[in-house]
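Read through the structure below, which is laid out as C-alpha cells, and then see the notes.
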Number of protein chains: 2
Amino acid sequence: MSSRAGLRVERRAAASGGPWVVPQRGAEPHAVTSMPDFWSWWDERGRAGAFCVESLPWSRLDRWSFDPTTGNLGHDSGRFFTVEGLRARRPGLPDFTQPVIHQPEIGILGILFKEFDGVLHCLMQAKMEPGNINTLQLSPTVQATRSNYTQVHRGAPTRHLEHFVRPGHGEVLVDVLQSEQGGWFWRKRNRNMVVLATREVTPSEDHIWLSLGQVYELLQVENLVNMDARTVLSCLPLALPDEHEVTGDGYAEALARSYGDLADGREGGALRRAGEVRSWLTDAKTRCDWDARLVPLSKVTGWSCTDDEISDDTGSRFRIVAVQVEARTREVTRWSQPLLAPREPAEAVLVTRIVDGVLHALVRAKPEYGLVDLVEMAPTVHRRSGAEEPGELDEALVGVGATRFDSVLSEEGGRFWRALTRYRITEVGEEVPVDLPPDYCWVTARQVTNLLRHGHYLNVEARTLMACLHSLW
Amino acid sequence: MSSRAGLRVERRAAASGGPWVVPQRGAEPHAVTSMPDFWSWWDERGRAGAFCVESLPWSRLDRWSFDPTTGNLGHDSGRFFTVEGLRARRPGLPDFTQPVIHQPEIGILGILFKEFDGVLHCLMQAKMEPGNINTLQLSPTVQATRSNYTQVHRGAPTRHLEHFVRPGHGEVLVDVLQSEQGGWFWRKRNRNMVVLATREVTPSEDHIWLSLGQVYELLQVENLVNMDARTVLSCLPLALPDEHEVTGDGYAEALARSYGDLADGREGGALRRAGEVRSWLTDAKTRCDWDARLVPLSKVTGWSCTDDEISDDTGSRFRIVAVQVEARTREVTRWSQPLLAPREPAEAVLVTRIVDGVLHALVRAKPEYGLVDLVEMAPTVHRRSGAEEPGELDEALVGVGATRFDSVLSEEGGRFWRALTRYRITEVGEEVPVDLPPDYCWVTARQVTNLLRHGHYLNVEARTLMACLHSLW
C-alpha cells in the first residue's frame, strides 16, 4: 500500500537533510532510545525527585495575597498571574460572572527536534508540575513563562532555552501564539515553537531524545504526554508529499488523503474549500455578541471564598485552592501558589468520517468567555462539569461510531489541579449527515494544519485532538 | 513589457468568468460609469442630502448618559458603543490611562463586486458620516454595525445587505475580521467582505458601479475613499498569474514581481520567507509585556470632563465631544452621538525599496494598547499628535526617498471627528539598509495579501497603505 511512505514535515528552507517523513504506526525505524530504556529513565526520574504538594489555607501562601480593593489574588512581584473576575454581558441573558486566571505574559512552549540517522527526534522533558495527578509528565524541551526564563523567581536558568530565544540556533519549523482554556484563562496565549537543532545537543538529565513516532505512541498512555507538548505537536506542519499516491480505502488511507494539498482555489477532496472554512468561522464570530471583560474578583456573584478555597455556590464548576510545593528537580525548590481545581474530568470527542475517500473531522465553532475573539474551533463535543447542559445533538454525536483513539490526558499542571480530560476520536458513517447546523464544519487534517500556522483558530482541546489524530498515522 | 497583463484576483472556485485581471494604471478598459458621469452623480448626491452636524453639550445628548458609578458614557439601549477607560500596566513604567471607545459588536464592511464585459466593478456608496470633513465619502456597498442592520435604532433597512448576510447570494472572495485604530478603540474588529454578485443588481440612488481601477484612481483624491472602503480593498487577494513573466527593471516591474508566488518553502525573491515573517511578528508580540484592560472612565487620570468635552490636560492627544446630526440620505434622519476628535492630522509612511528586482515594503511591529494581541504590523512610520516622540530612525525614514503616493485620507467618520492622515508611499535606495532593528521587517505585497486572509496581522493604517500600494499598479 503506497500510503506507507509517510507524511512530510514541511520546511521553510530547502536545506540539506529532509524533507523527513513521519513513518506510519508499526513501521518505526531506529530510534535513539529504545522503549524499555525510556521507561527505565522515566522510573529513575520519578525516584530522583522528592516532590511534595500539600494544600494550604490562603493565610499561609507565601508572597500571594488578596488585594484589599479589588479582591484579586496576586503575587507581590506583580508577575506570574492573578486570579480576577470575569463578567460577560450576553444580550437577552443575565450577566455571567466567574473567577478567571489572568496571565498577560507570553511563555515559550518549545520542542527541540533533531535528525538522527534520517529519523526526526524530539527532546522531551520529565517535568514536575504541582497539579499533575502523577507528578511527572512528558513535557516540551522548554516550558517557561517569561517570569521563569527572565528569572523573576531567582531560580536556576531554564535548560536548553538558548535554542528558542537566540536567533541562529537551528531552523524554526513552528512559531505561533496559541490560546489556552477559554473557560479558565483570560485571553492566555503561549508561544508554540518547534526548532530543528543543527548542532550537537547534550541533553540534561531530565531530557531524553524520542522519535516523533515514539511520542505519538506515548499519547496512548494515560496522563503521560502533557498539554503543552500536545499543543506544540499539533502545530507541526504535516503534509502528504505532492507526488504521493494513496491507494486502498481503509481509515489509514482516508487519513493519508486528509493530509493532501488543499491550497485555496483547488479541490483536493475537501468538502469545503479553505476560504469557505475561514468564512464559516468569521460568520460564527460575528454572530456572538457577548461582551466579556475583567472585573474585580469581589464583583463575582454566586461564588464564595472560605479560608482555603474559592468555589461556586452550586458546587458544580471549579474551585481555586492554594498549594505548597517542594521539589528537587525544578528551577526553584520550594514555593506556594494558587491552582484551579475542576470538579470532575471532562470529555472531548472529535467525530471523523470518511467522505469520498478523504477523512474529515467535525469541528464546532464554540464561544468561550476567555478567548481573544470569543469563538475558536472546538472539538465536536466538549463536556465539562458545570458548563451548559449538553444538547440533544451532543448526546447523539458522542453515542455513535467506532473508537479510533481513547485516552485520559491531563491539562496544564502548573495552573490546574488534576484537570483530566478523556479524549476520544471516533469514526462515524452516514448516520452523521454531512449537513449539520451552522456551528459545525467538516475539515481535513491539511486544512487544520494550515490554519495552525496562525493563532486564534483552534482551541486547546481541539489542538490536543489534532495531535492525537496525527498519532493515528 | 509583459507586466502590463495585470494582476489576478484569486478565487476560491474555478467558476466560469475569471480569473479577472486588474489592469495596470492608464490601461483601464471600459467601465460602466465614465469619470465625468461619476463626478456628476457625486455632486448630485451632495446636493440631494441636507446634512447638518452641530456640537452639543453632554446634557443635550439624546439617550446617551454617563453612568453614575463608572463614569462611562453609553447609550440607553446598551448597544452601539461606550466611552470607557483604558489602563495599561507596563513593567518599569508608570501606568498609562486614557478614554477609549468600546464597541464589542462586529459590523459588516462589504463591497459587492460584479463583472461587466470582463471588467471587475465595485458597487460603491455615497455615504454621509457626521465626523467626515466633507460630509460624503465614497464608502463600501454596505457599512453597518450589527445595531444598524438588526435595526436597533429603528431606521430603514440597510440596502444591499442581503448579499453579505444570506448564503447563496454570490461568491465570497474576502471574509475576515480586521482590527481598527488600536490607540482609540478597545479591541474593535469589523468583518471585511468582498462578494462577487452572480445575479442582476439594481443599485440604490446612493450606489454606483465603478471599476476597480477607477476606485484605485480615486484614492488619489483627498478625503474621498473612506477608511472602510480602503480596508476592504486592502484584503483583496491580488496575485501575479503563475505563468506571468515580468521584464524590465522600473518601479512598476518591481511592484509586479512583489505580487509573485511566495508559498512557504519557496524562494520567489522575498528577503524573508513567509514563515520567517510570521515568526518575526510572534517574537515581537512575545517581547511586549504590557497588560492593557478596560477600567471605569472615572479611573482615567490626566483627563478632564467639562460640559461639552473630555480632553487630556496636556492638550496634545484628543477630545471626546458630542454632536447632533440631521441627514436626509441615511437610515435614521436625526440622532446625536459622541465622537473622538484628534488634535491634529497624523502622518503614515510606507517605505518601499527594490531589492534584487522585487519591491519590498518596510513594516514595523508596533504595540497599541487597544489591539487584541497588542502588536500588529504598522506602517514604517506613524506619527500622531500626543503619541510618543518619534525616534531618530523615524525622522530618518520619513526624510528620504522619492514619493510614489501622497494623499490625505480620512479615518472613520462614524466615530471620529475630522480624523485625517497624510498617507505616503516612498521609494528608497541603499541609503536605507536591509538590516534594521528587530521591530522592522521587509515584506512583499504577496506576503502581505496572504496574511490579510487572516485577522490580527496588519493594523488599519498599514491596510490603507496596502490599498494605496495596490493602486500604484
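Just remember, in the C-alpha cells the first chain shown is A, the second B, etc., residues are 1-based per chain, and ligands are 1-based in the order shown.
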Near Arg424 of chain B, counting only C-alpha atoms, which residues have an atom at most 8 Å away, once you skip same-chain residues fewer than 2 positions from it, shown as a ChimeraX atom specification? /B:347-350,403-407,422,426,465
Contact residues around segment 52-62 of chain A with only C-alpha atoms at 9 Å, ignoring same-chain residues under 3 positions, as number ranges by chain: A: 65-66, 75, 130-131, 306-309, 321-327, 335-338
Which residues of chain B sit at most 9 Å from chain A, using only C-alpha atoms? Give each one's shortest atom pair and distance in Å (one decimal place), in chain and ascending residue order, as JSON lines.
{"residue": "B:Glu10", "atom": "CA", "partner": "A:Gly265", "partner_atom": "CA", "distance": 7.6}
{"residue": "B:Arg11", "atom": "CA", "partner": "A:Gly265", "partner_atom": "CA", "distance": 5.9}
{"residue": "B:Arg12", "atom": "CA", "partner": "A:Gly265", "partner_atom": "CA", "distance": 4.0}
{"residue": "B:Ala13", "atom": "CA", "partner": "A:Gly265", "partner_atom": "CA", "distance": 5.3}
{"residue": "B:Ala14", "atom": "CA", "partner": "A:Gly265", "partner_atom": "CA", "distance": 6.7}
{"residue": "B:Gln103", "atom": "CA", "partner": "A:Asp291", "partner_atom": "CA", "distance": 8.9}
{"residue": "B:Pro104", "atom": "CA", "partner": "A:Asp291", "partner_atom": "CA", "distance": 5.8}
{"residue": "B:Glu105", "atom": "CA", "partner": "A:Asp289", "partner_atom": "CA", "distance": 5.6}
{"residue": "B:Ile106", "atom": "CA", "partner": "A:Thr286", "partner_atom": "CA", "distance": 5.6}
{"residue": "B:Gly107", "atom": "CA", "partner": "A:Thr286", "partner_atom": "CA", "distance": 7.8}
{"residue": "B:Ile108", "atom": "CA", "partner": "A:Thr286", "partner_atom": "CA", "distance": 8.8}
{"residue": "B:Arg146", "atom": "CA", "partner": "A:Thr286", "partner_atom": "CA", "distance": 8.8}
{"residue": "B:Val165", "atom": "CA", "partner": "A:Asp283", "partner_atom": "CA", "distance": 8.9}
{"residue": "B:Val172", "atom": "CA", "partner": "A:Glu276", "partner_atom": "CA", "distance": 8.1}
{"residue": "B:Leu173", "atom": "CA", "partner": "A:Gly275", "partner_atom": "CA", "distance": 8.1}
{"residue": "B:Val174", "atom": "CA", "partner": "A:Ser279", "partner_atom": "CA", "distance": 8.1}
{"residue": "B:Asp175", "atom": "CA", "partner": "A:Ser279", "partner_atom": "CA", "distance": 5.4}
{"residue": "B:Val176", "atom": "CA", "partner": "A:Thr282", "partner_atom": "CA", "distance": 6.1}
{"residue": "B:Leu177", "atom": "CA", "partner": "A:Thr282", "partner_atom": "CA", "distance": 6.6}
{"residue": "B:Asn190", "atom": "CA", "partner": "A:Thr286", "partner_atom": "CA", "distance": 8.7}
{"residue": "B:Arg191", "atom": "CA", "partner": "A:Thr286", "partner_atom": "CA", "distance": 7.5}
{"residue": "B:Asp264", "atom": "CA", "partner": "A:Arg12", "partner_atom": "CA", "distance": 5.8}
{"residue": "B:Gly265", "atom": "CA", "partner": "A:Arg12", "partner_atom": "CA", "distance": 4.1}
{"residue": "B:Arg266", "atom": "CA", "partner": "A:Ala13", "partner_atom": "CA", "distance": 7.4}
{"residue": "B:Glu267", "atom": "CA", "partner": "A:Ala13", "partner_atom": "CA", "distance": 8.4}
{"residue": "B:Arg273", "atom": "CA", "partner": "A:Arg12", "partner_atom": "CA", "distance": 7.1}
{"residue": "B:Ala274", "atom": "CA", "partner": "A:Arg12", "partner_atom": "CA", "distance": 8.2}
{"residue": "B:Gly275", "atom": "CA", "partner": "A:Arg12", "partner_atom": "CA", "distance": 6.6}
{"residue": "B:Glu276", "atom": "CA", "partner": "A:Val172", "partner_atom": "CA", "distance": 8.1}
{"residue": "B:Arg278", "atom": "CA", "partner": "A:Asp175", "partner_atom": "CA", "distance": 7.5}
{"residue": "B:Ser279", "atom": "CA", "partner": "A:Asp175", "partner_atom": "CA", "distance": 5.4}
{"residue": "B:Trp280", "atom": "CA", "partner": "A:Asp175", "partner_atom": "CA", "distance": 9.0}
{"residue": "B:Thr282", "atom": "CA", "partner": "A:Val176", "partner_atom": "CA", "distance": 6.1}
{"residue": "B:Asp283", "atom": "CA", "partner": "A:Asp175", "partner_atom": "CA", "distance": 8.5}
{"residue": "B:Lys285", "atom": "CA", "partner": "A:Ile106", "partner_atom": "CA", "distance": 8.3}
{"residue": "B:Thr286", "atom": "CA", "partner": "A:Ile106", "partner_atom": "CA", "distance": 5.6}
{"residue": "B:Arg287", "atom": "CA", "partner": "A:Ile106", "partner_atom": "CA", "distance": 8.3}
{"residue": "B:Cys288", "atom": "CA", "partner": "A:Glu105", "partner_atom": "CA", "distance": 8.1}
{"residue": "B:Asp289", "atom": "CA", "partner": "A:Glu105", "partner_atom": "CA", "distance": 5.6}
{"residue": "B:Trp290", "atom": "CA", "partner": "A:Pro104", "partner_atom": "CA", "distance": 7.4}
{"residue": "B:Asp291", "atom": "CA", "partner": "A:Pro104", "partner_atom": "CA", "distance": 5.8}
{"residue": "B:Ala292", "atom": "CA", "partner": "A:Pro104", "partner_atom": "CA", "distance": 8.8}
{"residue": "B:Arg293", "atom": "CA", "partner": "A:Leu294", "partner_atom": "CA", "distance": 7.5}
{"residue": "B:Leu294", "atom": "CA", "partner": "A:Arg293", "partner_atom": "CA", "distance": 7.5}
{"residue": "B:Val295", "atom": "CA", "partner": "A:Val295", "partner_atom": "CA", "distance": 8.5}
{"residue": "B:Val372", "atom": "CA", "partner": "A:Val372", "partner_atom": "CA", "distance": 6.6}
{"residue": "B:Asp373", "atom": "CA", "partner": "A:Val372", "partner_atom": "CA", "distance": 8.1}
{"residue": "B:Arg453", "atom": "CA", "partner": "A:Gly275", "partner_atom": "CA", "distance": 8.4}
{"residue": "B:His454", "atom": "CA", "partner": "A:His454", "partner_atom": "CA", "distance": 8.0}
Neighbouring residues of Glu430 of chain B were defined as those with any atom within 9 Å, considering only C-alpha atoms; residues of the same chain fewer than 3 positions away were excluded. Please report them as a CSV table (one decimal) with all heavy atoms, in the first residue's frame.
chain,number,residue,atom,x,y,z
B,353,ARG,N,11.4,49.6,-1.1
B,353,ARG,CA,12.7,49.6,-1.8
B,353,ARG,C,12.8,48.4,-2.7
B,353,ARG,O,12.2,47.3,-2.3
B,353,ARG,CB,13.8,49.5,-0.7
B,353,ARG,CG,15.2,49.4,-1.2
B,353,ARG,CD,16.2,49.3,-0.2
B,353,ARG,NE,17.4,48.7,-0.8
B,353,ARG,CZ,18.6,48.4,-0.2
B,353,ARG,NH1,18.7,48.7,1.1
B,353,ARG,NH2,19.5,47.8,-0.9
B,433,PRO,N,19.3,50.7,4.8
B,433,PRO,CA,19.8,49.3,4.7
B,433,PRO,C,18.8,48.2,4.9
B,433,PRO,O,17.7,48.5,5.4
B,433,PRO,CB,20.9,49.3,5.8
B,433,PRO,CG,20.4,50.3,6.8
B,433,PRO,CD,19.7,51.4,6.0
B,434,VAL,N,19.1,47.0,4.4
B,434,VAL,CA,18.2,45.9,4.5
B,434,VAL,C,18.2,45.5,6.0
B,434,VAL,O,17.1,45.1,6.5
B,434,VAL,CB,18.7,44.7,3.6
B,434,VAL,CG1,18.1,43.4,4.0
B,434,VAL,CG2,18.3,45.1,2.2
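Using only C-alpha atoms, the residues found no farther than 9 Å from Ala229 of chain B, other than those of its own chain fewer than 5 positions away, are Leu109, Gly110, Ile111, Met124, Leu138, Ser139, Pro140, Thr141, Gln143 and Ser234 of chain B.
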Residue selection dump (N, CA and C atoms) as an mmCIF file, in the first residue's frame:
data_model
loop_
_atom_site.group_PDB
_atom_site.id
_atom_site.type_symbol
_atom_site.label_atom_id
_atom_site.label_comp_id
_atom_site.auth_asym_id
_atom_site.auth_seq_id
_atom_site.Cartn_x
_atom_site.Cartn_y
_atom_site.Cartn_z
ATOM 1 N N LEU B 109 -18.366 45.418 6.813
ATOM 2 C CA LEU B 109 -17.905 46.335 5.777
ATOM 3 C C LEU B 109 -17.810 45.494 4.515
ATOM 4 N N GLY B 110 -18.744 45.672 3.608
ATOM 5 C CA GLY B 110 -18.786 44.772 2.456
ATOM 6 C C GLY B 110 -18.838 45.514 1.143
ATOM 7 N N ILE B 111 -18.015 45.089 0.200
ATOM 8 C CA ILE B 111 -18.088 45.637 -1.158
ATOM 9 C C ILE B 111 -18.577 44.536 -2.093
ATOM 10 N N MET B 124 -20.063 51.039 -5.144
ATOM 11 C CA MET B 124 -19.648 51.977 -4.105
ATOM 12 C C MET B 124 -20.819 52.864 -3.688
ATOM 13 N N LEU B 138 -16.778 58.197 -0.322
ATOM 14 C CA LEU B 138 -17.043 57.010 -1.127
ATOM 15 C C LEU B 138 -16.796 55.782 -0.246
ATOM 16 N N SER B 139 -17.846 55.016 -0.017
ATOM 17 C CA SER B 139 -17.879 54.007 1.039
ATOM 18 C C SER B 139 -18.204 52.640 0.450
ATOM 19 N N PRO B 140 -18.010 51.590 1.240
ATOM 20 C CA PRO B 140 -18.372 50.257 0.747
ATOM 21 C C PRO B 140 -19.868 50.161 0.433
ATOM 22 N N THR B 141 -20.247 49.128 -0.287
ATOM 23 C CA THR B 141 -21.659 48.874 -0.598
ATOM 24 C C THR B 141 -22.481 48.858 0.690
ATOM 25 N N GLN B 143 -22.024 49.222 4.980
ATOM 26 C CA GLN B 143 -21.177 49.603 6.098
ATOM 27 C C GLN B 143 -22.130 49.724 7.269
ATOM 28 N N SER B 234 -7.912 46.520 0.730
ATOM 29 C CA SER B 234 -6.568 46.012 1.064
ATOM 30 C C SER B 234 -6.562 44.489 1.168
#
Asn134 of chain B surroundings by only C-alpha atoms, 12 Å radius, close-in-sequence under 2 positions cut, as a ChimeraX atom specification: /B:43,46,51-53,126-132,136-138,222-226,409-410,413,417-420
May I have the residues from that selection written out with N, CA and C atoms, as a JSON list (two decimals), in the first residue's frame?
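To be explicit, this is the file written out as part.json:
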[["chain", "number", "residue", "atom", "x", "y", "z"],
["B", 43, "ASP", "N", -21.74, 65.01, -7.26],
["B", 43, "ASP", "CA", -22.21, 66.35, -6.92],
["B", 43, "ASP", "C", -23.71, 66.33, -6.62],
["B", 46, "GLY", "N", -24.40, 64.98, -3.22],
["B", 46, "GLY", "CA", -24.07, 66.00, -2.22],
["B", 46, "GLY", "C", -25.19, 67.00, -2.06],
["B", 51, "PHE", "N", -27.47, 67.91, 5.14],
["B", 51, "PHE", "CA", -26.79, 67.41, 6.31],
["B", 51, "PHE", "C", -26.46, 68.57, 7.23],
["B", 52, "CYS", "N", -26.69, 68.37, 8.49],
["B", 52, "CYS", "CA", -26.33, 69.39, 9.45],
["B", 52, "CYS", "C", -25.76, 68.70, 10.67],
["B", 53, "VAL", "N", -24.53, 69.05, 11.03],
["B", 53, "VAL", "CA", -23.88, 68.48, 12.21],
["B", 53, "VAL", "C", -23.50, 69.61, 13.13],
["B", 126, "ALA", "N", -22.26, 56.53, -1.81],
["B", 126, "ALA", "CA", -22.04, 57.90, -1.33],
["B", 126, "ALA", "C", -22.66, 57.96, 0.06],
["B", 127, "LYS", "N", -21.81, 58.00, 1.08],
["B", 127, "LYS", "CA", -22.36, 57.85, 2.43],
["B", 127, "LYS", "C", -21.90, 59.02, 3.31],
["B", 128, "MET", "N", -22.85, 59.54, 4.05],
["B", 128, "MET", "CA", -22.59, 60.63, 4.97],
["B", 128, "MET", "C", -22.20, 60.04, 6.33],
["B", 129, "GLU", "N", -21.18, 60.61, 6.95],
["B", 129, "GLU", "CA", -20.88, 60.29, 8.35],
["B", 129, "GLU", "C", -20.66, 61.60, 9.08],
["B", 130, "PRO", "N", -21.10, 61.70, 10.32],
["B", 130, "PRO", "CA", -21.06, 63.01, 11.00],
["B", 130, "PRO", "C", -19.66, 63.58, 11.15],
["B", 131, "GLY", "N", -18.64, 62.73, 11.28],
["B", 131, "GLY", "CA", -17.30, 63.25, 11.51],
["B", 131, "GLY", "C", -16.53, 63.57, 10.25],
["B", 132, "ASN", "N", -17.12, 63.26, 9.07],
["B", 132, "ASN", "CA", -16.40, 63.50, 7.81],
["B", 132, "ASN", "C", -16.16, 64.98, 7.59],
["B", 136, "LEU", "N", -19.86, 63.73, 2.71],
["B", 136, "LEU", "CA", -19.99, 62.48, 1.94],
["B", 136, "LEU", "C", -18.61, 61.91, 1.63],
["B", 137, "GLN", "N", -18.46, 60.60, 1.79],
["B", 137, "GLN", "CA", -17.27, 59.94, 1.27],
["B", 137, "GLN", "C", -17.69, 58.67, 0.53],
["B", 138, "LEU", "N", -16.78, 58.20, -0.32],
["B", 138, "LEU", "CA", -17.04, 57.01, -1.13],
["B", 138, "LEU", "C", -16.80, 55.78, -0.25],
["B", 222, "GLU", "N", -8.11, 63.64, -2.27],
["B", 222, "GLU", "CA", -8.09, 63.81, -0.82],
["B", 222, "GLU", "C", -9.47, 63.56, -0.20],
["B", 223, "ASN", "N", -9.48, 62.83, 0.91],
["B", 223, "ASN", "CA", -10.68, 62.61, 1.71],
["B", 223, "ASN", "C", -11.89, 62.14, 0.91],
["B", 224, "LEU", "N", -11.65, 61.28, -0.07],
["B", 224, "LEU", "CA", -12.79, 60.77, -0.85],
["B", 224, "LEU", "C", -13.09, 59.30, -0.51],
["B", 225, "VAL", "N", -12.16, 58.40, -0.74],
["B", 225, "VAL", "CA", -12.41, 56.98, -0.45],
["B", 225, "VAL", "C", -12.26, 56.77, 1.05],
["B", 226, "ASN", "N", -13.32, 56.31, 1.72],
["B", 226, "ASN", "CA", -13.28, 56.29, 3.18],
["B", 226, "ASN", "C", -12.49, 55.11, 3.73],
["B", 409, "LEU", "N", -6.13, 61.27, 3.64],
["B", 409, "LEU", "CA", -7.35, 60.46, 3.65],
["B", 409, "LEU", "C", -7.93, 60.47, 5.06],
["B", 410, "SER", "N", -9.25, 60.22, 5.14],
["B", 410, "SER", "CA", -9.96, 60.33, 6.42],
["B", 410, "SER", "C", -10.08, 58.99, 7.12],
["B", 413, "GLY", "N", -15.51, 58.25, 9.82],
["B", 413, "GLY", "CA", -16.28, 59.43, 10.21],
["B", 413, "GLY", "C", -17.48, 59.13, 11.09],
["B", 417, "TRP", "N", -14.11, 62.61, 14.68],
["B", 417, "TRP", "CA", -14.39, 63.95, 14.15],
["B", 417, "TRP", "C", -13.17, 64.46, 13.39],
["B", 418, "ARG", "N", -13.29, 64.48, 12.07],
["B", 418, "ARG", "CA", -12.24, 65.03, 11.21],
["B", 418, "ARG", "C", -10.86, 64.47, 11.53],
["B", 419, "ALA", "N", -10.78, 63.18, 11.53],
["B", 419, "ALA", "CA", -9.50, 62.50, 11.76],
["B", 419, "ALA", "C", -8.84, 62.27, 10.41],
["B", 420, "LEU", "N", -7.81, 63.05, 10.13],
["B", 420, "LEU", "CA", -7.15, 62.99, 8.83],
["B", 420, "LEU", "C", -5.75, 62.40, 8.99]]
So the first atom is atom CA of Val119 of chain A and the second is atom CA of His30 of chain A; what is the distance between them in Å, to one decimal place?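 Taking atom CA of Val119 of chain A as the start and atom CA of His30 of chain A as the end point, the length is 7.5 Å.
Taking atom CA of Val300 of chain A and atom CA of Gly391 of chain A as endpoints, the distance between them is 27.1 Å.
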Based on the backbone DSSP call, show me all residues of segment 129-255 of chain A assigned strand (DSSP E), as a PyMOL selection string. chain A and resi 136-139+142-144+171-179+185-186+189-196+207-211+238-239
Atoms to include: N, CA, C and O atoms. Write the selected residues as a compact mmCIF listing (two decimals), in the first residue's frame.
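Heads up, here's the output in part26.txt:
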# COMPACT_ATOMS: atom_id res chain seq x y z
N LEU A 136 5.09 13.73 37.58
CA LEU A 136 5.90 13.94 36.37
C LEU A 136 5.07 13.70 35.12
O LEU A 136 4.34 12.71 35.04
N GLN A 137 5.22 14.57 34.13
CA GLN A 137 4.66 14.26 32.82
C GLN A 137 5.69 14.58 31.75
O GLN A 137 6.66 15.31 31.99
N LEU A 138 5.49 13.99 30.58
CA LEU A 138 6.41 14.17 29.47
C LEU A 138 6.09 15.50 28.80
O LEU A 138 4.99 15.69 28.27
N SER A 139 7.05 16.41 28.84
CA SER A 139 6.81 17.82 28.55
C SER A 139 7.73 18.29 27.43
O SER A 139 8.68 17.60 27.08
N VAL A 142 11.40 22.91 26.46
CA VAL A 142 11.34 24.13 27.27
C VAL A 142 9.87 24.47 27.49
O VAL A 142 9.08 24.44 26.55
N GLN A 143 9.54 24.78 28.71
CA GLN A 143 8.18 25.17 29.06
C GLN A 143 8.35 26.22 30.13
O GLN A 143 8.58 25.91 31.30
N ALA A 144 8.33 27.47 29.73
CA ALA A 144 8.72 28.52 30.66
C ALA A 144 7.94 29.78 30.42
O ALA A 144 7.80 30.23 29.28
N GLU A 171 16.83 25.77 12.87
CA GLU A 171 15.82 26.21 11.92
C GLU A 171 14.44 26.16 12.61
O GLU A 171 14.08 25.14 13.19
N VAL A 172 13.71 27.27 12.50
CA VAL A 172 12.40 27.33 13.17
C VAL A 172 11.35 26.68 12.28
O VAL A 172 11.10 27.13 11.17
N LEU A 173 10.72 25.61 12.75
CA LEU A 173 9.67 24.93 11.98
C LEU A 173 8.27 25.40 12.38
O LEU A 173 7.35 25.38 11.59
N VAL A 174 8.10 25.77 13.64
CA VAL A 174 6.81 26.24 14.16
C VAL A 174 7.09 27.42 15.09
O VAL A 174 8.03 27.36 15.89
N ASP A 175 6.32 28.49 14.97
CA ASP A 175 6.47 29.64 15.88
C ASP A 175 5.18 30.43 15.83
O ASP A 175 5.00 31.28 14.97
N VAL A 176 4.27 30.15 16.75
CA VAL A 176 2.93 30.75 16.66
C VAL A 176 2.34 30.88 18.07
O VAL A 176 2.58 30.04 18.93
N LEU A 177 1.60 31.95 18.30
CA LEU A 177 0.90 32.12 19.58
C LEU A 177 -0.42 31.36 19.51
O LEU A 177 -1.20 31.55 18.57
N GLN A 178 -0.68 30.53 20.51
CA GLN A 178 -1.95 29.81 20.56
C GLN A 178 -2.64 30.05 21.91
O GLN A 178 -1.98 30.27 22.92
N SER A 179 -3.96 29.96 21.88
CA SER A 179 -4.78 30.19 23.07
C SER A 179 -4.70 29.00 24.02
O SER A 179 -4.27 27.92 23.64
N PHE A 185 -8.96 30.66 31.65
CA PHE A 185 -7.95 31.72 31.50
C PHE A 185 -8.56 32.93 30.83
O PHE A 185 -9.43 32.79 29.96
N TRP A 186 -8.05 34.11 31.14
CA TRP A 186 -8.41 35.33 30.44
C TRP A 186 -7.41 35.58 29.32
O TRP A 186 -6.28 35.98 29.54
N ARG A 189 -2.24 33.36 26.05
CA ARG A 189 -1.59 32.89 24.83
C ARG A 189 -0.20 32.41 25.18
O ARG A 189 0.47 33.00 26.02
N ASN A 190 0.22 31.33 24.56
CA ASN A 190 1.59 30.87 24.70
C ASN A 190 2.21 30.74 23.32
O ASN A 190 1.52 30.55 22.32
N ARG A 191 3.54 30.85 23.32
CA ARG A 191 4.29 30.77 22.06
C ARG A 191 4.68 29.32 21.82
O ARG A 191 5.49 28.77 22.56
N ASN A 192 4.08 28.70 20.83
CA ASN A 192 4.35 27.31 20.48
C ASN A 192 5.48 27.28 19.46
O ASN A 192 5.35 27.87 18.38
N MET A 193 6.55 26.57 19.78
CA MET A 193 7.72 26.55 18.89
C MET A 193 8.25 25.13 18.67
O MET A 193 8.29 24.32 19.58
N VAL A 194 8.67 24.88 17.44
CA VAL A 194 9.48 23.69 17.14
C VAL A 194 10.72 24.21 16.43
O VAL A 194 10.62 24.96 15.45
N VAL A 195 11.89 23.88 16.96
CA VAL A 195 13.15 24.30 16.36
C VAL A 195 13.95 23.04 16.03
O VAL A 195 14.04 22.12 16.85
N LEU A 196 14.50 23.03 14.85
CA LEU A 196 15.32 21.91 14.41
C LEU A 196 16.78 22.25 14.73
O LEU A 196 17.34 23.21 14.19
N HIS A 207 16.12 15.36 30.40
CA HIS A 207 15.71 15.37 29.00
C HIS A 207 16.12 14.08 28.30
O HIS A 207 17.13 13.47 28.65
N ILE A 208 15.33 13.71 27.29
CA ILE A 208 15.63 12.47 26.55
C ILE A 208 15.20 12.64 25.08
O ILE A 208 14.21 13.34 24.79
N TRP A 209 15.92 12.01 24.17
CA TRP A 209 15.55 12.02 22.74
C TRP A 209 14.59 10.88 22.46
O TRP A 209 14.92 9.71 22.69
N LEU A 210 13.42 11.21 21.95
CA LEU A 210 12.46 10.19 21.50
C LEU A 210 12.10 10.52 20.05
O LEU A 210 12.01 11.70 19.68
N SER A 211 11.90 9.48 19.26
CA SER A 211 11.46 9.76 17.89
C SER A 211 10.03 10.27 17.93
O SER A 211 9.28 10.01 18.88
N LEU A 238 2.41 18.97 9.01
CA LEU A 238 2.48 17.68 8.33
C LEU A 238 1.70 17.74 7.02
O LEU A 238 0.64 18.34 6.95
N ALA A 239 2.23 17.09 5.99
CA ALA A 239 1.56 17.11 4.70
C ALA A 239 1.89 15.84 3.95
O ALA A 239 2.93 15.23 4.17
With a distance cut-off of 12 Å and only C-alpha atoms, select the neighbouring residues of Glu392 of chain A, excluding the residue or stretch itself and same-chain residues fewer than 6 positions from it, and output the selection as a ChimeraX atom specification. /A:381,398-399
